[in-house]
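Undergrad: Contents of coords-v4.txt (compact mmCIF, C-alpha atoms and all ligand atoms):
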# COMPACT_ATOMS: atom_id res chain seq x y z
CA MET A 272 -36.40 1.49 -25.16
CA GLY A 273 -33.35 0.94 -27.25
CA LEU A 274 -31.32 -2.19 -26.55
CA LEU A 275 -27.62 -2.27 -27.38
CA GLY A 276 -26.15 -5.71 -26.81
CA GLY A 277 -22.44 -6.11 -26.73
CA SER A 278 -19.32 -7.57 -25.25
CA PHE A 279 -18.24 -4.12 -24.02
CA ASN A 280 -14.71 -5.47 -23.73
CA PRO A 281 -14.34 -2.61 -22.78
CA ALA A 282 -17.12 -0.05 -23.25
CA HIS A 283 -16.00 3.06 -25.13
CA LYS A 284 -17.17 6.43 -26.40
CA GLY A 285 -18.43 4.87 -29.65
CA HIS A 286 -21.05 2.95 -27.64
CA ARG A 287 -22.09 6.13 -25.87
CA ARG A 288 -22.25 8.22 -29.05
CA VAL A 289 -24.22 5.63 -30.96
CA SER A 290 -26.66 5.23 -28.07
CA LEU A 291 -27.26 8.95 -27.65
CA ALA A 292 -27.62 9.53 -31.38
CA ALA A 293 -30.05 6.59 -31.67
CA LYS A 294 -31.99 7.91 -28.69
CA ARG A 295 -32.49 11.21 -30.50
CA ALA A 296 -33.23 9.70 -33.92
CA LEU A 297 -35.74 7.19 -32.56
CA ALA A 298 -37.15 9.35 -29.73
CA LEU A 299 -36.25 6.72 -27.15
CA ASP A 300 -36.70 7.13 -23.40
CA GLU A 301 -33.50 5.27 -22.66
CA VAL A 302 -30.98 2.88 -24.08
CA TRP A 303 -30.27 -0.27 -22.10
CA TRP A 304 -26.90 -1.85 -22.61
CA LEU A 305 -26.93 -5.62 -22.41
CA VAL A 306 -23.41 -6.48 -21.35
CA SER A 307 -23.18 -10.03 -22.63
CA PRO A 308 -22.13 -12.97 -20.44
CA GLY A 309 -20.37 -14.13 -23.61
CA ASN A 310 -21.03 -13.57 -27.30
CA PRO A 311 -21.80 -17.08 -28.64
CA LEU A 312 -19.64 -16.38 -31.71
CA LYS A 313 -16.61 -14.97 -29.91
CA PRO A 314 -13.93 -17.04 -28.17
CA ALA A 315 -13.83 -16.78 -24.36
CA ALA A 316 -10.08 -16.19 -24.53
CA GLY A 317 -9.36 -12.48 -24.29
CA MET A 318 -12.79 -11.73 -22.86
CA ALA A 319 -12.48 -9.78 -19.59
CA PRO A 320 -14.71 -10.85 -16.68
CA LEU A 321 -18.29 -9.66 -16.87
CA ALA A 322 -17.83 -7.52 -13.72
CA ALA A 323 -14.99 -5.56 -15.34
CA ARG A 324 -16.91 -5.10 -18.60
CA LEU A 325 -20.00 -3.95 -16.70
CA ALA A 326 -17.89 -1.55 -14.61
CA SER A 327 -16.42 -0.08 -17.80
CA ALA A 328 -19.95 0.32 -19.18
CA GLU A 329 -21.09 2.12 -16.02
CA ARG A 330 -18.17 4.48 -16.29
CA VAL A 331 -18.77 5.29 -19.96
CA ALA A 332 -22.55 5.67 -19.52
CA ARG A 333 -22.27 8.03 -16.55
CA HIS A 334 -24.81 10.91 -16.49
CA ALA A 335 -26.43 9.71 -19.71
CA PRO A 336 -29.88 8.17 -20.27
CA ILE A 337 -28.16 4.81 -20.70
CA ARG A 338 -28.55 1.85 -18.34
CA PRO A 339 -25.75 -0.66 -18.37
CA THR A 340 -27.07 -4.05 -17.30
CA ALA A 341 -25.95 -7.65 -17.15
CA ILE A 342 -29.56 -8.71 -17.48
CA GLU A 343 -28.71 -11.67 -19.73
CA ARG A 344 -26.86 -13.23 -16.85
CA ARG A 345 -29.90 -12.87 -14.64
CA LEU A 346 -32.17 -14.22 -17.38
CA GLY A 347 -29.78 -17.08 -18.06
CA THR A 348 -29.68 -16.28 -21.76
CA ARG A 349 -26.80 -15.86 -24.16
CA TYR A 350 -28.50 -15.95 -27.53
CA THR A 351 -30.13 -12.66 -28.45
CA VAL A 352 -33.34 -14.28 -29.66
CA ASP A 353 -33.85 -15.86 -26.21
CA SER A 354 -33.01 -12.62 -24.37
CA LEU A 355 -35.43 -10.60 -26.48
CA ARG A 356 -38.31 -13.03 -26.07
CA LYS A 357 -37.84 -12.94 -22.30
CA LEU A 358 -37.51 -9.15 -22.16
CA VAL A 359 -40.64 -8.62 -24.21
CA ARG A 360 -42.56 -10.86 -21.79
CA LEU A 361 -40.98 -9.33 -18.67
CA TYR A 362 -41.61 -5.72 -19.68
CA PRO A 363 -44.96 -5.63 -21.49
CA GLN A 364 -45.16 -1.88 -20.76
CA HIS A 365 -42.14 -1.18 -22.95
CA ARG A 366 -41.51 -1.35 -26.68
CA PHE A 367 -38.00 -2.41 -27.61
CA ILE A 368 -35.82 -1.73 -30.62
CA TRP A 369 -32.56 -3.61 -31.15
CA LEU A 370 -29.61 -1.34 -31.98
CA MET A 371 -26.50 -2.64 -33.66
CA GLY A 372 -23.53 -1.41 -35.62
CA ALA A 373 -23.09 -2.30 -39.29
CA ASP A 374 -20.38 -4.83 -38.33
CA ASN A 375 -23.02 -6.88 -36.54
CA LEU A 376 -25.40 -6.73 -39.50
CA ALA A 377 -22.64 -8.14 -41.71
CA GLU A 378 -22.58 -11.24 -39.44
CA PHE A 379 -26.25 -11.29 -38.50
CA HIS A 380 -27.06 -14.35 -40.65
CA ARG A 381 -24.84 -16.39 -38.28
CA TRP A 382 -26.90 -15.51 -35.20
CA ARG A 383 -29.33 -18.08 -33.87
CA ASP A 384 -32.79 -17.60 -35.40
CA TRP A 385 -31.98 -14.14 -36.70
CA ARG A 386 -35.26 -13.94 -38.57
CA GLY A 387 -36.96 -14.68 -35.24
CA ILE A 388 -35.13 -11.68 -33.76
CA ALA A 389 -36.47 -9.49 -36.56
CA ARG A 390 -39.98 -10.77 -35.90
CA THR A 391 -39.67 -9.99 -32.16
CA VAL A 392 -38.38 -6.40 -32.21
CA ALA A 393 -37.63 -3.64 -34.71
CA ILE A 394 -33.97 -3.26 -35.64
CA ALA A 395 -31.93 -0.09 -36.10
CA VAL A 396 -28.53 -0.41 -37.74
CA VAL A 397 -25.94 2.28 -37.18
CA ALA A 398 -23.29 3.00 -39.80
CA ARG A 399 -19.76 2.08 -38.77
CA PRO A 400 -16.58 3.03 -40.62
CA GLY A 401 -15.30 0.16 -42.75
CA TYR A 402 -18.37 -2.09 -42.46
CA ASP A 403 -21.24 -0.45 -44.28
CA GLY A 404 -20.57 -2.01 -47.70
CA ARG A 405 -20.27 -5.50 -46.24
CA ALA A 406 -23.40 -4.99 -44.15
CA LEU A 407 -25.44 -3.94 -47.17
CA ALA A 408 -24.24 -6.95 -49.17
CA SER A 409 -24.75 -9.39 -46.28
CA PRO A 410 -26.99 -12.46 -46.51
CA ALA A 411 -29.24 -11.14 -43.73
CA MET A 412 -29.71 -7.86 -45.54
CA GLY A 413 -30.84 -9.80 -48.59
CA TRP A 414 -33.90 -10.81 -46.56
CA LEU A 415 -34.21 -7.70 -44.35
CA ARG A 416 -34.06 -5.26 -47.26
CA ARG A 417 -37.71 -5.76 -48.09
CA HIS A 418 -38.57 -4.75 -44.52
CA ALA A 419 -36.52 -1.54 -44.59
CA ARG A 420 -38.15 1.69 -43.41
CA PRO A 421 -37.07 5.23 -44.29
CA ALA A 422 -34.83 6.88 -41.71
CA GLY A 423 -37.05 9.96 -41.97
CA GLN A 424 -39.82 7.97 -40.28
CA ALA A 425 -37.60 6.58 -37.53
CA LYS A 426 -39.42 8.33 -34.70
CA ARG A 427 -42.55 6.35 -35.58
CA TRP A 428 -40.88 2.96 -35.08
CA THR A 429 -43.34 1.83 -32.41
CA MET A 430 -46.08 1.90 -35.09
CA TRP A 431 -44.23 -0.37 -37.49
CA SER A 432 -45.34 -3.91 -38.11
CA LEU A 433 -42.51 -6.42 -37.81
CA PRO A 434 -40.06 -7.21 -39.27
CA ALA A 435 -38.82 -3.66 -39.62
CA LEU A 436 -35.31 -2.37 -40.16
CA VAL A 437 -34.07 1.18 -40.26
CA ARG A 438 -30.56 2.30 -41.13
CA LEU A 439 -29.39 5.31 -39.20
CA ARG A 440 -26.50 7.47 -40.30
CA PHE A 441 -24.70 9.59 -37.76
CA ARG A 442 -21.23 11.03 -37.93
CA PRO A 443 -19.27 7.75 -38.02
CA ASP A 444 -17.17 6.99 -34.99
CA PRO A 445 -14.09 4.82 -35.60
CA THR A 446 -13.62 3.81 -31.94
CA SER A 447 -13.38 0.05 -31.36
CA ALA A 448 -12.77 -2.14 -28.33
CA THR A 449 -10.24 -4.15 -30.37
CA ALA A 450 -8.05 -1.05 -30.78
CA ILE A 451 -8.42 -0.16 -27.10
CA ARG A 452 -7.39 -3.69 -26.03
CA ALA A 453 -4.42 -3.60 -28.39
CA ALA A 454 -3.21 -0.34 -26.81
CA ASP A 455 -4.00 -1.38 -23.22
CA PRO A 456 -4.39 -5.14 -22.81
CA ALA A 457 -4.60 -4.87 -19.00
CA TRP A 458 -7.46 -2.34 -18.94
CA HIS A 459 -9.72 -4.65 -16.93
CA ARG A 460 -7.30 -4.97 -14.02
CA ARG A 461 -7.93 -1.33 -13.17
CA MET A 462 -11.69 -1.75 -13.10
CA ILE A 463 -12.99 -1.89 -9.59
CA SER A 464 -15.14 -4.97 -9.49
CA SER A 465 -18.66 -3.93 -8.87
CA ASP A 466 -21.28 -5.48 -6.60
CA ARG A 467 -23.76 -4.69 -9.32
CA SER A 468 -22.30 -7.25 -11.68
CA GLY A 469 -25.14 -9.51 -10.62
CA ALA A 470 -27.20 -7.80 -13.21
CA GLN A 471 -29.89 -5.65 -11.89
CA ALA A 472 -33.10 -5.62 -13.74
CA PRO A 473 -33.08 -2.11 -15.16
CA GLU A 474 -35.93 -1.09 -12.91
CA SER A 475 -35.14 -3.00 -9.78
N1 LIG B 501 -17.81 2.97 -33.18
C1 LIG B 501 -18.97 2.33 -33.35
N2 LIG B 501 -19.87 2.75 -34.29
C2 LIG B 501 -21.05 2.07 -34.45
N3 LIG B 501 -21.42 1.00 -33.72
C3 LIG B 501 -20.58 0.56 -32.78
C4 LIG B 501 -19.31 1.21 -32.54
N4 LIG B 501 -18.67 0.54 -31.54
C5 LIG B 501 -19.48 -0.47 -31.18
N5 LIG B 501 -20.61 -0.46 -31.91
C6 LIG B 501 -21.73 -1.41 -31.80
O1 LIG B 501 -22.00 -1.62 -30.42
C7 LIG B 501 -22.36 -2.99 -30.18
C8 LIG B 501 -21.42 -3.61 -29.17
O2 LIG B 501 -20.12 -3.54 -29.70
P1 LIG B 501 -18.87 -4.24 -29.02
O3 LIG B 501 -19.03 -4.24 -27.56
O4 LIG B 501 -18.55 -5.49 -29.72
O5 LIG B 501 -17.73 -3.15 -29.36
P2 LIG B 501 -16.65 -3.26 -30.50
O6 LIG B 501 -15.88 -1.99 -30.48
O7 LIG B 501 -17.30 -3.66 -31.79
O8 LIG B 501 -15.76 -4.47 -29.95
P3 LIG B 501 -14.69 -5.41 -30.67
O9 LIG B 501 -13.72 -4.50 -31.38
O10 LIG B 501 -14.10 -6.17 -29.54
O11 LIG B 501 -15.48 -6.29 -31.63
C9 LIG B 501 -22.32 -3.67 -31.54
O12 LIG B 501 -23.63 -3.62 -32.10
C10 LIG B 501 -21.38 -2.78 -32.35
O13 LIG B 501 -21.65 -2.85 -33.73
O1 LIG B 502 -27.68 -14.75 -30.64
C1 LIG B 502 -26.67 -14.97 -31.32
O2 LIG B 502 -26.52 -16.00 -32.00
C2 LIG B 502 -25.56 -13.92 -31.30
C3 LIG B 502 -24.37 -14.11 -32.01
C4 LIG B 502 -23.41 -13.11 -31.97
C5 LIG B 502 -23.63 -11.95 -31.22
N1 LIG B 502 -24.78 -11.82 -30.55
C6 LIG B 502 -25.02 -10.61 -29.73
O3 LIG B 502 -24.60 -9.48 -30.44
C7 LIG B 502 -24.28 -8.44 -29.55
C8 LIG B 502 -23.00 -7.80 -29.99
O4 LIG B 502 -21.93 -8.64 -29.66
P1 LIG B 502 -20.44 -8.13 -29.75
O5 LIG B 502 -19.61 -9.22 -29.13
O6 LIG B 502 -20.18 -7.92 -31.21
O7 LIG B 502 -20.39 -6.86 -28.98
C9 LIG B 502 -24.27 -9.08 -28.17
O8 LIG B 502 -25.49 -8.74 -27.53
C10 LIG B 502 -24.22 -10.56 -28.47
O9 LIG B 502 -24.81 -11.36 -27.48
C11 LIG B 502 -25.74 -12.77 -30.57
If you took the structure in this file and wrote it as structure tokens, what would it be?
TA:
Amino acid sequence: MGLLGGSFNPAHKGHRRVSLAAKRALALDEVWWLVSPGNPLKPAAGMAPLAARLASAERVARHAPIRPTAIERRLGTRYTVDSLRKLVRLYPQHRFIWLMGADNLAEFHRWRDWRGIARTVAIAVVARPGYDGRALASPAMGWLRRHARPAGQAKRWTMWSLPALVRLRFRPDPTSATAIRAADPAWHRRMISSDRSGAQAPES
């Protein structure tokens, strides 16, 4: 399974494209979207309610092998390292790979126990316009570089010993939630609040 964590404030076609391209490149069954209760590094101001963000994710993921979830709310976790440790225990039948855009890799050294994340699951980084240079020069990459695997072997990721990092290059997609919010600050008011915001386990 691929895991794409995010604020999804709101979800957009970049999330969908990246997920489907990663699914193909890594031969994944599905991509689960972890719609975050709140990114620990982002201010709460300007963050739409979880129900609206999850509803936007459900809309964007429609008819795709993508499962939007608010599982971190159910697990009571906010830091990725905690979420991943719980998911790995909860779903021993699955192997997980963490997907993230290059913008997140550029900041990865600020995440709680980021080396612990890399020791828990494999990581796939997707190129993102404007961020790739910074991501490559980032403090986390200084450590992760020695664990890099060739993209040509990406489909074998479940065989890799950890830590393992693969950089995937697809046609870059410049879509960003920041630009969408700037053009339409009230987007979340139109989202029908969903009963499912209580965060289904993906298989429940
Ligand atoms: N266009 C894109 N190309 C590659 N990765 C992306 C793209 N958009 C989002 N991502 C990745 O998806 C994950 C969730 O992103 P997020 O929900 O923060 O969207 P965003 O567009 O980056 O939002 P914001 O502009 O508010 O920071 C992150 O790992 C991010 O890097
Ligand atoms: O665990 C951390 O310290 C941490 C710090 C910043 C971001 N994250 C996670 O990174 C993912 C992407 O967040 P965002 O807001 O850039 O979409 C999301 O799952 C967050 O919970 C996690």
Undergrad: Just need the box for ligand LIG 502 (chain B), edges along x, y and z, holding every atom the file lists for it with 8 Å tacked onto each side, so centre and edge lengths in Å to one decimal, as JSON.
TA:
{"center_x": -23.6, "center_y": -11.4, "center_z": -29.7, "size_x": 24.1, "size_y": 25.1, "size_z": 20.5}
Undergrad: Using CA of Leu299 (chain A) and CA of Arg330 (chain A) as the two end points, give the distance in Å to one decimal.
TA: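 Computing the Euclidean distance for CA of Leu299 (chain A) and CA of Arg330 (chain A) yields 21.2 Å.
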Undergrad: Take CA of Arg360 (chain A) and CA of Ala393 (chain A) and report the distance between them in Å, one decimal.
TA: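 Interatomic distance, CA of Arg360 (chain A) to CA of Ala393 (chain A): 15.6 Å.
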Undergrad: May I ask for the distance between CA of Gly401 (chain A) and atom N2 of ligand LIG 501 (chain B), given in Å to one decimal place?
TA: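 Rounded to one decimal, the two atoms are 10.0 Å apart.
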Undergrad: Compare A:Arg295, A:Arg399, A:Leu370, A:Trp385 by their minimum atom-to-atom distance to Asp444 (chain A), counting all atoms listed in the file, and give me the closest one.
TA: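 That would be A:Arg399, the residue with the smallest distance to Asp444 (chain A).
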Undergrad: List all protein, DNA and RNA residues that have at least one atom no more than 10 Å from any atom of ligand LIG 502 (chain B), counting all atoms listed in the file, and write them as an MDAnalysis selection string.
TA: chainID A and resid 274:282 286 304:314 318 343 348:355 369:372 374:376 378:385 388 448
Undergrad: List as a tab-separated table every residue of region 334-391 of chain A that is in contact with region 423-432 of chain A, defined as an atom at most 12 Å from one of its atoms (using all atoms listed in the file), together with the nearest atom pair and the distance in Å rounded to one decimal, sorted by chain and then rising number.
TA:
residue	atom	partner	partner_atom	distance
A:His365	CA	A:Thr429	CA	10.0
A:Arg366	CA	A:Thr429	CA	6.8
A:Phe367	CA	A:Thr429	CA	8.3
A:Ile368	CA	A:Trp428	CA	8.2
A:Trp369	CA	A:Trp428	CA	11.3
A:Ala389	CA	A:Ser432	CA	10.6
A:Arg390	CA	A:Ser432	CA	9.0
A:Thr391	CA	A:Ser432	CA	10.2
Undergrad: Select, from A:His283, A:Arg345, A:Arg438, A:Arg417, the residue with the minimum atom-to-atom distance to ligand LIG 501 (chain B), counting only C-alpha atoms and all ligand atoms.
TA: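 The answer is A:His283, which sits nearest to ligand LIG 501 (chain B).
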Undergrad: Rebuild N, CA and C atoms on region 278-311 of chain A, as a short mmCIF file (atom, residue, chain, number, x, y, z; two decimals), in the coordinates of the input?
TA:
data_model
loop_
_atom_site.label_atom_id
_atom_site.label_comp_id
_atom_site.auth_asym_id
_atom_site.auth_seq_id
_atom_site.Cartn_x
_atom_site.Cartn_y
_atom_site.Cartn_z
N SER A 278 -20.33 -7.03 -26.17
CA SER A 278 -19.32 -7.57 -25.25
C SER A 278 -18.81 -6.47 -24.33
N PHE A 279 -18.75 -5.24 -24.82
CA PHE A 279 -18.24 -4.12 -24.02
C PHE A 279 -16.91 -4.51 -23.36
N ASN A 280 -15.98 -4.90 -24.19
CA ASN A 280 -14.71 -5.47 -23.73
C ASN A 280 -13.54 -4.58 -24.17
N PRO A 281 -13.45 -3.32 -23.72
CA PRO A 281 -14.34 -2.61 -22.78
C PRO A 281 -15.35 -1.74 -23.53
N ALA A 282 -16.24 -1.08 -22.71
CA ALA A 282 -17.12 -0.05 -23.25
C ALA A 282 -16.28 1.15 -23.66
N HIS A 283 -16.77 1.91 -24.65
CA HIS A 283 -16.00 3.06 -25.13
C HIS A 283 -16.94 4.15 -25.64
N LYS A 284 -16.34 5.27 -26.05
CA LYS A 284 -17.17 6.43 -26.40
C LYS A 284 -18.02 6.17 -27.65
N GLY A 285 -17.61 5.22 -28.49
CA GLY A 285 -18.43 4.87 -29.65
C GLY A 285 -19.79 4.33 -29.19
N HIS A 286 -19.78 3.49 -28.16
CA HIS A 286 -21.05 2.95 -27.64
C HIS A 286 -21.94 4.09 -27.13
N ARG A 287 -21.32 5.01 -26.44
CA ARG A 287 -22.09 6.13 -25.87
C ARG A 287 -22.66 7.01 -26.98
N ARG A 288 -21.81 7.35 -27.95
CA ARG A 288 -22.25 8.22 -29.05
C ARG A 288 -23.39 7.59 -29.83
N VAL A 289 -23.20 6.34 -30.18
CA VAL A 289 -24.22 5.63 -30.96
C VAL A 289 -25.54 5.59 -30.18
N SER A 290 -25.45 5.34 -28.90
CA SER A 290 -26.66 5.23 -28.07
C SER A 290 -27.38 6.56 -27.99
N LEU A 291 -26.62 7.63 -27.79
CA LEU A 291 -27.26 8.95 -27.65
C LEU A 291 -27.83 9.42 -28.99
N ALA A 292 -27.12 9.14 -30.06
CA ALA A 292 -27.62 9.53 -31.38
C ALA A 292 -28.87 8.72 -31.73
N ALA A 293 -28.87 7.43 -31.40
CA ALA A 293 -30.05 6.59 -31.67
C ALA A 293 -31.22 7.05 -30.80
N LYS A 294 -30.93 7.42 -29.58
CA LYS A 294 -31.99 7.91 -28.69
C LYS A 294 -32.70 9.10 -29.33
N ARG A 295 -31.90 10.03 -29.85
CA ARG A 295 -32.49 11.21 -30.50
C ARG A 295 -33.26 10.82 -31.76
N ALA A 296 -32.63 10.03 -32.62
CA ALA A 296 -33.23 9.70 -33.92
C ALA A 296 -34.53 8.91 -33.77
N LEU A 297 -34.59 8.08 -32.72
CA LEU A 297 -35.74 7.19 -32.56
C LEU A 297 -36.68 7.66 -31.44
N ALA A 298 -36.36 8.81 -30.85
CA ALA A 298 -37.15 9.35 -29.73
C ALA A 298 -37.33 8.31 -28.63
N LEU A 299 -36.22 7.75 -28.19
CA LEU A 299 -36.25 6.72 -27.15
C LEU A 299 -36.25 7.36 -25.77
N ASP A 300 -36.82 6.66 -24.79
CA ASP A 300 -36.70 7.13 -23.40
C ASP A 300 -35.28 6.88 -22.91
N GLU A 301 -34.81 5.69 -23.18
CA GLU A 301 -33.50 5.27 -22.66
C GLU A 301 -32.91 4.25 -23.59
N VAL A 302 -31.62 4.02 -23.41
CA VAL A 302 -30.98 2.88 -24.08
C VAL A 302 -30.43 1.97 -22.97
N TRP A 303 -30.81 0.72 -23.04
CA TRP A 303 -30.27 -0.27 -22.10
C TRP A 303 -29.12 -0.98 -22.79
N TRP A 304 -28.03 -1.07 -22.09
CA TRP A 304 -26.90 -1.85 -22.61
C TRP A 304 -26.96 -3.25 -22.01
N LEU A 305 -26.95 -4.22 -22.86
CA LEU A 305 -26.93 -5.62 -22.41
C LEU A 305 -25.49 -6.11 -22.50
N VAL A 306 -24.81 -6.03 -21.37
CA VAL A 306 -23.41 -6.48 -21.35
C VAL A 306 -23.45 -8.00 -21.33
N SER A 307 -22.97 -8.59 -22.40
CA SER A 307 -23.18 -10.03 -22.63
C SER A 307 -22.34 -10.90 -21.70
N PRO A 308 -22.94 -11.99 -21.19
CA PRO A 308 -22.13 -12.97 -20.44
C PRO A 308 -21.07 -13.59 -21.35
N GLY A 309 -21.33 -13.57 -22.65
CA GLY A 309 -20.37 -14.13 -23.61
C GLY A 309 -21.02 -14.25 -24.97
N ASN A 310 -20.53 -13.48 -25.92
CA ASN A 310 -21.03 -13.57 -27.30
C ASN A 310 -20.83 -15.00 -27.79
N PRO A 311 -21.92 -15.67 -28.22
CA PRO A 311 -21.80 -17.08 -28.64
C PRO A 311 -20.83 -17.28 -29.80
#
